[in-house]
Each structure stands twice: as structure tokens, then as C-alpha cells.
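Asker: File protein04.cif below, mmCIF, C-alpha atoms:
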```cif
data_target
loop_
_atom_site.label_atom_id
_atom_site.label_comp_id
_atom_site.auth_asym_id
_atom_site.auth_seq_id
_atom_site.Cartn_x
_atom_site.Cartn_y
_atom_site.Cartn_z
CA MET A 1 124.61 127.34 19.22
CA ARG A 2 121.98 129.84 20.30
CA LEU A 3 122.23 133.59 19.78
CA SER A 4 121.42 135.85 22.70
CA ALA A 5 119.05 138.79 22.24
CA THR A 6 122.02 141.16 22.31
CA SER A 7 123.86 139.26 19.61
CA VAL A 8 120.71 139.10 17.41
CA TYR A 9 120.38 142.86 17.82
CA ASN A 10 124.04 143.33 16.85
CA VAL A 11 123.68 141.05 13.80
CA VAL A 12 120.62 143.01 12.64
CA LEU A 13 122.48 146.28 13.30
CA ALA A 14 125.35 145.03 11.14
CA ILE A 15 122.89 144.05 8.39
CA HIS A 16 121.35 147.53 8.65
CA ILE A 17 124.75 149.22 8.30
CA VAL A 18 125.81 146.96 5.41
CA GLY A 19 122.49 147.77 3.69
CA VAL A 20 123.24 151.49 3.96
CA VAL A 21 126.74 151.04 2.54
CA VAL A 22 125.50 148.85 -0.32
CA ALA A 23 122.52 151.10 -1.14
CA PHE A 24 124.24 154.44 -1.02
CA GLY A 25 127.93 153.90 -1.65
CA VAL A 26 127.37 153.99 -5.38
CA ILE A 27 125.64 157.38 -5.38
CA PHE A 28 128.94 158.93 -4.39
CA ALA A 29 130.69 157.17 -7.29
CA TYR A 30 128.19 158.14 -10.02
CA PRO A 31 129.64 161.62 -10.66
CA ILE A 32 133.14 160.22 -11.06
CA MET A 33 131.99 157.40 -13.35
CA PHE A 34 129.98 159.70 -15.60
CA ALA A 35 132.71 162.35 -15.79
CA LEU A 36 135.24 159.70 -16.80
CA ALA A 37 132.88 158.13 -19.35
CA ALA A 38 132.02 161.50 -20.91
CA LYS A 39 135.68 162.49 -21.12
CA HIS A 40 136.98 159.13 -22.34
CA ASP A 41 134.23 158.25 -24.83
CA PRO A 42 130.80 159.90 -24.93
CA ARG A 43 129.58 156.84 -26.85
CA SER A 44 129.62 154.94 -23.56
CA LEU A 45 127.02 157.26 -21.99
CA PRO A 46 123.90 155.32 -23.07
CA LEU A 47 125.31 152.18 -21.47
CA MET A 48 126.28 154.14 -18.36
CA HIS A 49 122.69 155.36 -17.99
CA ARG A 50 121.38 151.83 -18.50
CA ILE A 51 123.74 150.60 -15.76
CA GLU A 52 122.71 153.52 -13.52
CA ARG A 53 119.04 152.62 -13.94
CA PHE A 54 119.68 148.95 -13.22
CA ILE A 55 121.67 149.81 -10.08
CA ASP A 56 118.94 152.21 -8.92
CA ARG A 57 116.20 149.60 -9.42
CA ALA A 58 117.96 146.47 -8.23
CA LEU A 59 120.66 147.53 -5.80
CA ILE A 60 119.42 150.76 -4.22
CA ASN A 61 115.74 149.81 -4.01
CA GLY A 62 116.61 146.29 -2.81
CA ALA A 63 118.97 147.59 -0.15
CA LEU A 64 116.36 150.16 0.95
CA VAL A 65 114.06 147.25 1.78
CA VAL A 66 116.82 145.63 3.85
CA VAL A 67 117.62 148.93 5.61
CA LEU A 68 113.93 149.49 6.39
CA GLY A 69 113.35 145.93 7.60
CA ALA A 70 116.41 145.93 9.82
CA GLY A 71 115.55 149.43 11.07
CA ILE A 72 112.05 148.30 12.03
CA TYR A 73 113.52 145.42 14.02
CA LEU A 74 116.06 147.69 15.74
CA ALA A 75 113.47 150.36 16.61
CA THR A 76 111.04 147.77 17.92
CA ASP A 77 113.61 145.81 19.91
CA GLY A 78 115.06 148.97 21.44
CA HIS A 79 111.67 150.64 22.00
CA HIS A 80 112.88 153.67 20.01
CA TRP A 81 109.82 154.41 17.85
CA LYS A 82 109.33 157.87 19.36
CA ALA A 83 113.00 158.82 19.04
CA PHE A 84 113.93 161.55 16.54
CA PHE A 85 116.59 159.43 14.82
CA VAL A 86 114.02 156.71 14.01
CA GLN A 87 111.56 159.24 12.59
CA TRP A 88 114.37 160.85 10.59
CA GLY A 89 115.48 157.46 9.26
CA ILE A 90 111.99 156.52 8.14
CA GLY A 91 111.56 159.91 6.50
CA ALA A 92 114.92 159.56 4.74
CA ILE A 93 114.00 156.12 3.40
CA VAL A 94 110.67 157.43 2.09
CA VAL A 95 112.28 160.48 0.45
CA ILE A 96 115.13 158.48 -1.06
CA GLY A 97 112.83 155.76 -2.36
CA ALA A 98 110.45 158.36 -3.80
CA LEU A 99 113.21 160.33 -5.52
CA VAL A 100 114.91 157.25 -6.92
CA GLY A 101 111.63 155.86 -8.23
CA SER A 102 110.00 159.04 -9.49
CA VAL A 103 113.01 161.08 -10.67
CA MET A 104 116.26 159.16 -10.96
CA ILE A 105 115.04 156.04 -12.78
CA PRO A 106 112.81 157.78 -15.36
CA THR A 107 115.33 160.58 -15.91
CA SER A 108 118.18 158.13 -16.51
CA LYS A 109 115.96 156.34 -19.06
CA ARG A 110 115.29 159.62 -20.88
CA ALA A 111 118.99 160.56 -20.68
CA GLN A 112 119.91 157.20 -22.21
CA GLU A 113 117.44 157.75 -25.05
CA ALA A 114 118.66 161.33 -25.64
CA ALA A 115 122.29 160.18 -25.66
CA GLU A 116 121.42 157.43 -28.15
CA ARG A 117 119.72 159.99 -30.44
CA ASP A 118 122.67 162.38 -30.14
CA LEU A 119 125.13 159.63 -30.93
CA ALA A 120 123.06 158.37 -33.85
CA ALA A 121 122.95 161.94 -35.21
CA ALA A 122 126.75 162.01 -35.00
CA GLY A 123 126.91 158.66 -36.78
CA GLY A 124 128.50 156.83 -33.91
CA ALA A 125 126.20 154.50 -32.01
CA ALA A 126 124.02 151.45 -32.21
CA PRO A 127 121.19 152.76 -30.00
CA ALA A 128 119.45 149.52 -29.01
CA GLY A 129 122.51 147.60 -27.88
CA GLY A 130 124.37 150.30 -26.03
CA VAL A 131 127.49 149.40 -28.03
CA ALA A 132 129.16 152.25 -29.86
CA SER A 133 131.00 152.17 -33.14
CA ALA A 134 133.54 154.63 -34.42
CA GLY A 135 131.85 157.75 -35.70
CA GLY A 136 131.91 161.50 -36.04
CA THR A 137 132.24 164.22 -33.48
CA VAL A 138 129.69 163.89 -30.73
CA THR A 139 127.87 166.95 -29.45
CA MET A 140 125.38 166.20 -26.72
CA SER A 141 122.05 168.00 -27.09
CA ALA A 142 120.57 170.61 -24.78
CA GLU A 143 117.96 168.00 -23.83
CA TYR A 144 120.66 165.55 -22.74
CA ARG A 145 122.52 168.22 -20.77
CA LYS A 146 119.26 169.24 -19.05
CA LEU A 147 118.52 165.64 -18.08
CA THR A 148 122.03 165.06 -16.74
CA ARG A 149 121.83 168.31 -14.73
CA ARG A 150 118.62 166.99 -13.16
CA LEU A 151 120.34 163.67 -12.37
CA ALA A 152 123.33 165.50 -10.88
CA THR A 153 121.16 167.86 -8.82
CA ILE A 154 118.91 165.16 -7.38
CA GLY A 155 121.91 162.85 -6.94
CA SER A 156 123.68 165.57 -4.94
CA LEU A 157 120.60 166.08 -2.78
CA LEU A 158 120.41 162.34 -2.18
CA SER A 159 124.09 162.30 -1.22
CA LEU A 160 123.54 165.15 1.26
CA LEU A 161 120.50 163.37 2.71
CA VAL A 162 122.52 160.17 3.16
CA ILE A 163 125.33 162.09 4.88
CA ALA A 164 122.86 163.93 7.12
CA THR A 165 121.13 160.66 7.99
CA ILE A 166 124.41 158.97 8.87
CA PHE A 167 125.23 161.97 11.06
CA VAL A 168 121.82 161.78 12.81
CA MET A 169 122.23 158.03 13.37
CA ALA A 170 125.81 158.33 14.63
CA THR A 171 125.04 161.14 17.08
CA LYS A 172 121.72 159.91 18.45
CA PRO A 173 121.31 160.07 22.24
#
```
As C-alpha cells - that is how I would like this structure written.

Answerer:
Amino acid sequence: MRLSATSVYNVVLAIHIVGVVVAFGVIFAYPIMFALAAKHDPRSLPLMHRIERFIDRALINGALVVVLGAGIYLATDGHHWKAFFVQWGIGAIVVIGALVGSVMIPTSKRAQEAAERDLAAAGGAAPAGGVASAGGTVTMSAEYRKLTRRLATIGSLLSLLVIATIFVMATKP
């Protein structure tokens, strides 16, 4: 069975859309996950930051490559390179990739390390393994709170950029 040019375009469009959902769906869940972890057991926070960093590196960055590759095909096939929505999309991918790589990943690493130190000071964590043991009262340091504010701020900006980009793509001429 042979695919027509239209059906190849539609398959690539579907791959592009799935890439966006896979890459960015999780950024809307992060605030809920971290709020629940902090409320339920602060000793889970180092592991949460480790998971966040892994997702940012493997899932988000990997899906960005898929989104970019599919977008290049779609823009080329449709002769849309001069269209605003294509330029916006490329800019969004660059900004998202840059922020994830230069801010989110290193900040989550530092937040994990700060949380491990805070938990160790409270007598309640095994820092290297990310597994917590029962311990004293946990008070997160000013350093940890500063790092998580940075993660929340940049994460919110990324979420807004994703929403704006979806809007631009959905309303293109």
C-alpha cells in the first residue's frame, strides 16, 4: 500500500502534534506533583527533582527534536517558511530548548542537592539514593525555596509560551 502525499503530510502532522503533547503535557503537571509531594512528604522532593531532570532531558528534549523535524517537513512541504506561524514555532522551540537546557535542568539539580542537604540536616534522608527514612521535622532552606521559585517562574513562562504557540498554530491563516 502506498501513501499519497496528502496522507504523508497528515501522518507527519499527527507526529508533530503528538510530539507537542508528549513534550509539554508534563510541564502543566509539575506544579501539582511538587505541591502534592511537598505536602505529603518533603523527603520525596529530592527524588521528584531527579525525576523532573530526567523528564526534561529525555522526554522534553527528545520530543523537541521530533517537533522540530516534523515541523521542518510540514513547512517545507507546504511552502510555509515565510509564514509567521512557522517563524513563531521555530522561535518557540529555540527558547524552550534554551530555557530547559540552561535553566530548568541545572536548577533542578541544585534544588535536588539543596533538598538533600536540608533533609540530612533534619536527620531524615539518604541523599545519594533519593530514598528517605523517618526523621525529624523538615524545614526547607531559603536556598531551596529560591531555587524552586526559579523553577516555578520559568516553568510558568514555558507553559504560557506553549499555550501561546498552540494558539498561533491553531489560528494560522

Asker: What do you get, as a PyMOL selection string, if you spell out every residue that the PyMOL selection byres ((chain A and resi 40-55) around 6) selects here?

Answerer: chain A and resi 36-39+56-59+105+108+112+115+130+132

Asker: Quick check on the file I pasted: which residues fall under the PyMOL selection byres ((chain A and resi 68) around 10)? Write them as a list in words.

Answerer: His16, Gly19, Val20, Ala63, Leu64, Val65, Val66, Val67, Gly69, Ala70, Gly71, Ile72, Tyr73, Leu74, Gly89, Ile90, Ile93 and Val94 of chain A

Asker: Smallest atom-to-atom distance to Val95 (chain A): which of A:Leu157, A:Thr137, A:Phe34, A:Arg150, using all atoms listed in the file?

Answerer: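 Using all atoms listed in the file, Val95 (chain A) sits closest to A:Leu157.
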
Asker: Identify which of the residues A:Ala92, A:Met104, A:Ala29, A:Met140 lies closest to Met169 (chain A), counting only C-alpha atoms when measuring atom-to-atom distances.

Answerer: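 Checking each of A:Ala92, A:Met104, A:Ala29, A:Met140 against Met169 (chain A), counting only C-alpha atoms, the winner is A:Ala92.
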
Asker: Rank nothing, just name the residue among A:Phe84, A:Asn10, A:Arg110, A:Tyr144 nearest to Val168 (chain A), using only C-alpha atoms.

Answerer: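 Under the stated criterion, the closest residue is A:Phe84.
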
Asker: Compare A:Val18, A:Ala164, A:Ile27, A:Ala120 by their minimum atom-to-atom distance to Ala152 (chain A), counting all atoms listed in the file, and give me the closest one.

Answerer: A:Ile27

Asker: One decimal, in Å: what's the spacing between CA of Gly62 (chain A) and CA of Gly101 (chain A)?

Answerer: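 Separation between CA of Gly62 (chain A) and CA of Gly101 (chain A): 12.1 Å.
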
Asker: Interatomic distance between CA of Tyr30 (chain A) and CA of Ala121 (chain A)?

Answerer: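 These two atoms are separated by 26.0 Å.
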
Asker: Hey, can you check how far CA of Ala98 (chain A) sits from CA of Ile60 (chain A)?

Answerer: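 Spanning CA of Ala98 (chain A) to CA of Ile60 (chain A) is a straight-line distance of 11.8 Å.
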